[in-house]
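Data first, discussion second: the structure below is written as structure tokens.
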Amino acid sequence: MSLTLRTISREQHLAYIQSLPSASHMQVPAWADVKAEWRSENLGWFDDRTGELVGVGLVLYRQLPKIKRYLAYLPEGPVINWFAPNLQEWIEPMLAHLKQQGAFSVKMGPPVIIRRWEAASIKAGIQNPDVKRLRDIEADHIEPRAFEVADKLRRMGWQQGEDGGAGFGDVQPRYVYQVPLANRSLEEVHKNFNQLWRRNIKKAEKAGVEVVQGGYQDLEEWQRLYEITAVRDHFRPRPLSYFQRMWTALNSEDPNRMRLYFARHNGVNLSAATMLIVGGHVWYSYGASDNIGREVRPSNAMQWRMLRDAYALGATVYDLRGISDSLDETDHLFGLIQFKVGTGGQAAEYLGEWDFPLNKLLHKALDIYMSRR
């Protein structure tokens, strides 16, 4: 198949995404409006024989300080046939085009899963003192074609992201936790939760915790809980304006792209979460909770409601997003994997992010600049 790459309209891009079972929320055209500080472009790959659009990519351009050269970034993209035997014919025109646009370096995140681990295997790993990381456990599912993709990229001169695979060094998480929903009943999904999760869901119900959906006007209340979480977990929170922009941009593209949930008890909001929907893929994207009311288990109640809603939408996967691959109980990120493993789903490892330095000197300068930030 011979291909032509060119800039396409947002409408063409969106129509293509809507024709797929799913794609990353970072590859929908409206994501460019969320990332307003980046310049953006919509790319399309066309089959020369039929003229048909067969792949798309959202590119975000970040200008280097003081010079008109850019880092070109395709988060969790591009959306192409990664297992095509002629992968080079997809990637090379993209590099040539981005270079023409003034890019000195390209970063992309192939949406290709390489390994999966079932909850039972992870639990066994946590109990084994010799196991320190997820990758020390034998994977339950391996995708051999993913290794071929990695080999092809290396041969083309792409370099694996700098994190060495720990999961949080990449811009996007390399390891995620997912609950598969396709061909399963809700009863099955619930039965697969561990005892603690089932008990906590029941506890919240008994205590009268209610989970409600919010709207744009409730984002200030979301921000209140989110900032409490940021102080507790030592991270820098995004401003309220970011979530307002996200809501407006994503929901104007598709009125059901982003949702907001609150778990409340006696009229007080105790936890909140944002949810993103693209086709059959549903993400729990940001979570927040107060320091009070934890004994009534609002977070478990909220996740169970969100999962049920995802199921009702016909989702094939409920994605709890990033985890670290550390299984060391003293690691500050360990609680995250422990919480998510309770849902009985699977940990998945993506190929991670890859860099292509179009100008080695500027690429190196960017590395130094980023490491000092």
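In the structure tokens, each chain is lettered A, B, ... as it comes, each chain's residues begin at 1, and ligands are numbered from 1 in order of appearance.
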task: Might you pull out every residue within 10 Å of Leu313 (chain A), with only C-alpha atoms counted and same-chain residues fewer than 5 positions away left off, and present them as a list of chain:residue names?
output: A:Ile277, A:Gly279, A:Gly280, A:His281, A:Val282, A:Leu307, A:Arg308
field: Residues near His97 (chain A), cut-off 12 Å, only C-alpha atoms, skip fewer than 2 positions along chain, as a PyMOL selection string
entry: chain A and resi 4-7+41-45+59+72+90-95+99-104+106+358
message: Please return, as a ChimeraX atom specification, all residues of region 186-260 of chain A that DSSP assigns to helix (DSSP H, G or I) on the basis of the backbone.
response: /A:186-192,195-207,216-233,240-253
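With CA of Lys364 (chain A) on one side and CA of Val149 (chain A) on the other, the separation reads 25.1 Å.
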Report as JSON lines: every residue of region 226-264 of chain A with an atom at most 9 Å from region 201-214 of chain A, its closest pair of atoms, and their distance in Å to one decimal, counting only C-alpha atoms, with rows sorted by chain and ascending residue number.
```
{"residue": "A:Arg259", "atom": "CA", "partner": "A:Gln213", "partner_atom": "CA", "distance": 7.2}
{"residue": "A:Leu260", "atom": "CA", "partner": "A:Gly214", "partner_atom": "CA", "distance": 5.2}
{"residue": "A:Tyr261", "atom": "CA", "partner": "A:Gln213", "partner_atom": "CA", "distance": 4.5}
{"residue": "A:Phe262", "atom": "CA", "partner": "A:Val212", "partner_atom": "CA", "distance": 5.4}
{"residue": "A:Ala263", "atom": "CA", "partner": "A:Val211", "partner_atom": "CA", "distance": 4.3}
{"residue": "A:Arg264", "atom": "CA", "partner": "A:Glu210", "partner_atom": "CA", "distance": 5.4}
```
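When only C-alpha atoms are used to compute distances to Glu89 (chain A), the closest of the residues A:Phe147, A:Phe46, A:Tyr284, A:Phe356 turns out to be A:Phe46.
Among the candidate residues A:Gln88, A:Gln178, A:Gln160, A:Gln18, the one lying nearest to Glu253 (chain A) is A:Gln18, with distances computed using only C-alpha atoms.
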task: Write down as number ranges by chain the residues belonging to region 58-228 of chain A that are assigned strand (DSSP E or B) by DSSP computed on the backbone.
output: A: 58-63, 70-74, 79, 103-108, 113-118, 133, 141-142, 159-160, 175-180, 210-214
Keeping only N, CA and C atoms, take the residues you just selected and write them out as a tab-separated table (two decimals), in the first residue's frame.
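Saved result, again00.tsv, follows:
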```tsv
chain	number	residue	atom	x	y	z
A	58	LEU	N	-2.63	13.75	15.80
A	58	LEU	CA	-2.66	15.12	16.32
A	58	LEU	C	-1.23	15.45	16.75
A	59	VAL	N	-0.66	16.48	16.14
A	59	VAL	CA	0.70	16.91	16.49
A	59	VAL	C	0.62	18.19	17.29
A	60	LEU	N	1.32	18.23	18.42
A	60	LEU	CA	1.43	19.45	19.22
A	60	LEU	C	2.86	19.97	19.07
A	61	TYR	N	2.99	21.25	18.76
A	61	TYR	CA	4.32	21.85	18.58
A	61	TYR	C	4.63	22.78	19.74
A	62	ARG	N	5.76	22.54	20.38
A	62	ARG	CA	6.21	23.40	21.49
A	62	ARG	C	7.47	24.13	21.04
A	63	GLN	N	7.43	25.47	21.07
A	63	GLN	CA	8.59	26.23	20.60
A	63	GLN	C	9.70	26.22	21.63
A	70	TYR	N	10.88	23.71	16.87
A	70	TYR	CA	9.83	23.12	17.71
A	70	TYR	C	10.11	21.67	18.09
A	71	LEU	N	9.58	21.31	19.25
A	71	LEU	CA	9.45	19.89	19.60
A	71	LEU	C	8.07	19.49	19.06
A	72	ALA	N	8.01	18.46	18.24
A	72	ALA	CA	6.73	17.96	17.73
A	72	ALA	C	6.34	16.73	18.55
A	73	TYR	N	5.15	16.77	19.13
A	73	TYR	CA	4.75	15.70	20.06
A	73	TYR	C	3.40	15.12	19.64
A	74	LEU	N	3.36	13.80	19.52
A	74	LEU	CA	2.11	13.09	19.22
A	74	LEU	C	1.78	12.22	20.43
A	79	VAL	N	-2.47	7.67	15.24
A	79	VAL	CA	-3.48	6.61	15.14
A	79	VAL	C	-3.35	5.98	13.75
A	103	ALA	N	10.38	21.32	13.04
A	103	ALA	CA	10.63	20.49	14.24
A	103	ALA	C	12.11	20.09	14.29
A	104	PHE	N	12.69	20.16	15.49
A	104	PHE	CA	14.07	19.69	15.66
A	104	PHE	C	14.08	18.31	16.31
A	105	SER	N	12.92	17.92	16.88
A	105	SER	CA	12.83	16.63	17.55
A	105	SER	C	11.37	16.19	17.56
A	106	VAL	N	11.15	14.87	17.45
A	106	VAL	CA	9.79	14.34	17.43
A	106	VAL	C	9.65	13.36	18.58
A	107	LYS	N	8.54	13.48	19.31
A	107	LYS	CA	8.24	12.52	20.39
A	107	LYS	C	6.87	11.93	20.10
A	108	MET	N	6.77	10.60	20.19
A	108	MET	CA	5.46	9.97	19.98
A	108	MET	C	5.28	8.82	20.97
A	113	ILE	N	0.13	-2.09	23.12
A	113	ILE	CA	0.38	-2.78	24.41
A	113	ILE	C	1.28	-3.99	24.16
A	114	ILE	N	2.31	-4.08	25.00
A	114	ILE	CA	3.32	-5.13	24.81
A	114	ILE	C	3.09	-6.33	25.75
A	115	ARG	N	2.67	-6.05	27.00
A	115	ARG	CA	2.43	-7.13	27.98
A	115	ARG	C	1.23	-6.80	28.85
A	116	ARG	N	0.59	-7.85	29.38
A	116	ARG	CA	-0.48	-7.68	30.38
A	116	ARG	C	-0.27	-8.66	31.53
A	117	TRP	N	-0.60	-8.19	32.73
A	117	TRP	CA	-0.54	-9.05	33.92
A	117	TRP	C	-1.91	-9.06	34.59
A	118	GLU	N	-2.42	-10.24	34.91
A	118	GLU	CA	-3.70	-10.36	35.62
A	118	GLU	C	-3.50	-10.00	37.09
A	133	ARG	N	9.63	-5.37	40.95
A	133	ARG	CA	8.95	-4.61	39.89
A	133	ARG	C	7.99	-5.50	39.13
A	141	HIS	N	-0.03	-12.23	29.35
A	141	HIS	CA	-0.26	-12.10	27.90
A	141	HIS	C	0.88	-11.29	27.32
A	142	ILE	N	1.43	-11.76	26.21
A	142	ILE	CA	2.50	-11.02	25.52
A	142	ILE	C	2.08	-10.83	24.08
A	159	GLN	N	14.64	6.53	19.40
A	159	GLN	CA	15.22	6.18	20.71
A	159	GLN	C	14.12	6.06	21.74
A	160	GLN	N	14.25	5.04	22.57
A	160	GLN	CA	13.27	4.83	23.64
A	160	GLN	C	13.35	5.97	24.64
A	175	TYR	N	2.89	2.32	32.13
A	175	TYR	CA	2.10	1.24	32.73
A	175	TYR	C	0.75	1.80	33.14
A	176	VAL	N	-0.31	1.09	32.77
A	176	VAL	CA	-1.65	1.52	33.15
A	176	VAL	C	-2.41	0.34	33.74
A	177	TYR	N	-3.53	0.65	34.38
A	177	TYR	CA	-4.36	-0.42	34.94
A	177	TYR	C	-5.74	-0.37	34.29
A	178	GLN	N	-6.18	-1.49	33.74
A	178	GLN	CA	-7.43	-1.52	32.99
A	178	GLN	C	-8.35	-2.65	33.46
A	179	VAL	N	-9.64	-2.36	33.44
A	179	VAL	CA	-10.64	-3.39	33.73
A	179	VAL	C	-11.35	-3.71	32.40
A	180	PRO	N	-11.11	-4.91	31.83
A	180	PRO	CA	-11.77	-5.26	30.57
A	180	PRO	C	-13.27	-5.48	30.80
A	210	GLU	N	-23.85	8.89	48.29
A	210	GLU	CA	-24.46	8.93	46.96
A	210	GLU	C	-23.46	9.49	45.96
A	211	VAL	N	-23.52	8.93	44.75
A	211	VAL	CA	-22.61	9.39	43.70
A	211	VAL	C	-23.44	10.11	42.65
A	212	VAL	N	-23.03	11.36	42.35
A	212	VAL	CA	-23.80	12.18	41.40
A	212	VAL	C	-22.87	12.72	40.32
A	213	GLN	N	-23.48	13.04	39.18
A	213	GLN	CA	-22.71	13.68	38.11
A	213	GLN	C	-22.81	15.19	38.25
A	214	GLY	N	-21.70	15.87	37.97
A	214	GLY	CA	-21.69	17.33	38.03
A	214	GLY	C	-21.53	17.92	36.64
```
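Coordinates place CA of Gly161 (chain A) at a distance of 5.1 Å from CA of Trp354 (chain A).
The shell of residues at most 9 Å from Asn200 (chain A), with only C-alpha atoms counted and near chain neighbours (fewer than 6 positions) removed, consists of Val296, Arg297, Pro298, Asn300 and Ala301 of chain A.
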Keeping only all heavy atoms, write the selected residues to a file as a PDB file, in the first residue's frame.
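So again.pdb came out as:
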```pdb
ATOM      1  N   VAL A 296     -16.223   6.240  55.208  1.00  0.00           N
ATOM      2  CA  VAL A 296     -17.429   5.798  54.489  1.00  0.00           C
ATOM      3  C   VAL A 296     -17.119   5.374  53.048  1.00  0.00           C
ATOM      4  O   VAL A 296     -18.018   5.083  52.267  1.00  0.00           O
ATOM      5  CB  VAL A 296     -18.568   6.856  54.522  1.00  0.00           C
ATOM      6  CG1 VAL A 296     -19.062   7.070  55.951  1.00  0.00           C
ATOM      7  CG2 VAL A 296     -18.135   8.185  53.890  1.00  0.00           C
ATOM      8  N   ARG A 297     -15.844   5.311  52.710  1.00  0.00           N
ATOM      9  CA  ARG A 297     -15.346   4.769  51.433  1.00  0.00           C
ATOM     10  C   ARG A 297     -15.937   5.417  50.177  1.00  0.00           C
ATOM     11  O   ARG A 297     -16.412   4.723  49.269  1.00  0.00           O
ATOM     12  CB  ARG A 297     -15.592   3.251  51.381  1.00  0.00           C
ATOM     13  CG  ARG A 297     -15.010   2.494  52.560  1.00  0.00           C
ATOM     14  CD  ARG A 297     -13.514   2.642  52.591  1.00  0.00           C
ATOM     15  NE  ARG A 297     -12.918   2.006  53.774  1.00  0.00           N
ATOM     16  CZ  ARG A 297     -11.693   2.261  54.202  1.00  0.00           C
ATOM     17  NH1 ARG A 297     -10.951   3.147  53.568  1.00  0.00           N
ATOM     18  NH2 ARG A 297     -11.218   1.644  55.255  1.00  0.00           N
ATOM     19  N   PRO A 298     -15.878   6.758  50.101  1.00  0.00           N
ATOM     20  CA  PRO A 298     -16.467   7.420  48.937  1.00  0.00           C
ATOM     21  C   PRO A 298     -15.786   7.049  47.616  1.00  0.00           C
ATOM     22  O   PRO A 298     -16.456   6.952  46.581  1.00  0.00           O
ATOM     23  CB  PRO A 298     -16.292   8.916  49.252  1.00  0.00           C
ATOM     24  CG  PRO A 298     -15.178   8.981  50.250  1.00  0.00           C
ATOM     25  CD  PRO A 298     -15.285   7.736  51.055  1.00  0.00           C
ATOM     26  N   ASN A 300     -14.336   4.238  46.594  1.00  0.00           N
ATOM     27  CA  ASN A 300     -14.776   2.933  46.059  1.00  0.00           C
ATOM     28  C   ASN A 300     -16.167   3.037  45.440  1.00  0.00           C
ATOM     29  O   ASN A 300     -16.425   2.505  44.359  1.00  0.00           O
ATOM     30  CB  ASN A 300     -14.785   1.870  47.159  1.00  0.00           C
ATOM     31  CG  ASN A 300     -13.407   1.637  47.767  1.00  0.00           C
ATOM     32  OD1 ASN A 300     -13.020   2.314  48.703  1.00  0.00           O
ATOM     33  ND2 ASN A 300     -12.652   0.697  47.224  1.00  0.00           N
ATOM     34  N   ALA A 301     -17.054   3.766  46.149  1.00  0.00           N
ATOM     35  CA  ALA A 301     -18.425   3.932  45.647  1.00  0.00           C
ATOM     36  C   ALA A 301     -18.416   4.645  44.306  1.00  0.00           C
ATOM     37  O   ALA A 301     -19.135   4.275  43.363  1.00  0.00           O
ATOM     38  CB  ALA A 301     -19.248   4.726  46.657  1.00  0.00           C
TER      39      ALA A 301
END
```
field: Pick from A:Ile8, A:Met275, A:Leu153, A:Leu351 nearest to Met302 (chain A), counting only C-alpha atoms
entry: A:Met275
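With CA of Ile17 (chain A) on one side and CA of Val278 (chain A) on the other, the separation reads 8.5 Å.
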For the interface of region 83-198 of chain A with region 324-345 of chain A (cut-off 9 Å, counting only C-alpha atoms), please tabulate each contacting residue of region 83-198 of chain A alongside its nearest pair of atoms and their separation in Å to one decimal, rows sorted by chain and increasing number, as a tab-separated table.
```
residue	atom	partner	partner_atom	distance
A:Trp117	CA	A:Gly345	CA	8.8
A:Glu118	CA	A:Gly345	CA	6.5
A:Ala119	CA	A:Gly344	CA	5.2
A:Ala120	CA	A:Gly344	CA	7.7
A:Ile122	CA	A:Val341	CA	7.7
A:Lys123	CA	A:Val341	CA	7.8
A:Gly125	CA	A:Leu327	CA	7.7
A:Ile126	CA	A:Leu327	CA	5.9
A:Pro129	CA	A:Asp328	CA	8.9
A:Val131	CA	A:Leu327	CA	7.2
A:Lys132	CA	A:Leu327	CA	5.2
A:Arg133	CA	A:Ser326	CA	4.6
A:Leu134	CA	A:Asp325	CA	5.0
A:Arg135	CA	A:Asp325	CA	7.3
A:Gly165	CA	A:Asp325	CA	8.2
A:Ala166	CA	A:Asp325	CA	5.9
A:Gly167	CA	A:Ser324	CA	5.2
A:Phe168	CA	A:Ser324	CA	6.4
A:Pro173	CA	A:Ser324	CA	8.1
A:Arg174	CA	A:Ser324	CA	8.3
A:Tyr175	CA	A:Ser324	CA	6.4
A:Val176	CA	A:Ser324	CA	8.1
A:Tyr177	CA	A:Lys340	CA	6.7
A:Gln178	CA	A:Gly345	CA	5.6
A:Val179	CA	A:Gly345	CA	4.2
A:Pro180	CA	A:Gly345	CA	6.5
A:Val189	CA	A:Gly344	CA	7.8
A:His190	CA	A:Thr343	CA	8.1
A:Lys191	CA	A:Gly344	CA	8.6
A:Asn192	CA	A:Gly344	CA	5.0
A:Phe193	CA	A:Thr343	CA	4.5
A:Asn194	CA	A:Gly342	CA	5.1
A:Gln195	CA	A:Gly342	CA	8.1
A:Leu196	CA	A:Gly342	CA	7.4
A:Trp197	CA	A:Gly342	CA	6.1
```
- request: Identify which of the residues A:Met246, A:Leu320, A:Leu276, A:Ala365 lies closest to Ala32 (chain A), counting only C-alpha atoms when measuring atom-to-atom distances.
  value: A:Met246
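Closest approach to Ala315 (chain A) among A:Asn266, A:Asn86, A:Leu186, A:Gly51: A:Leu186, based on only C-alpha atoms.
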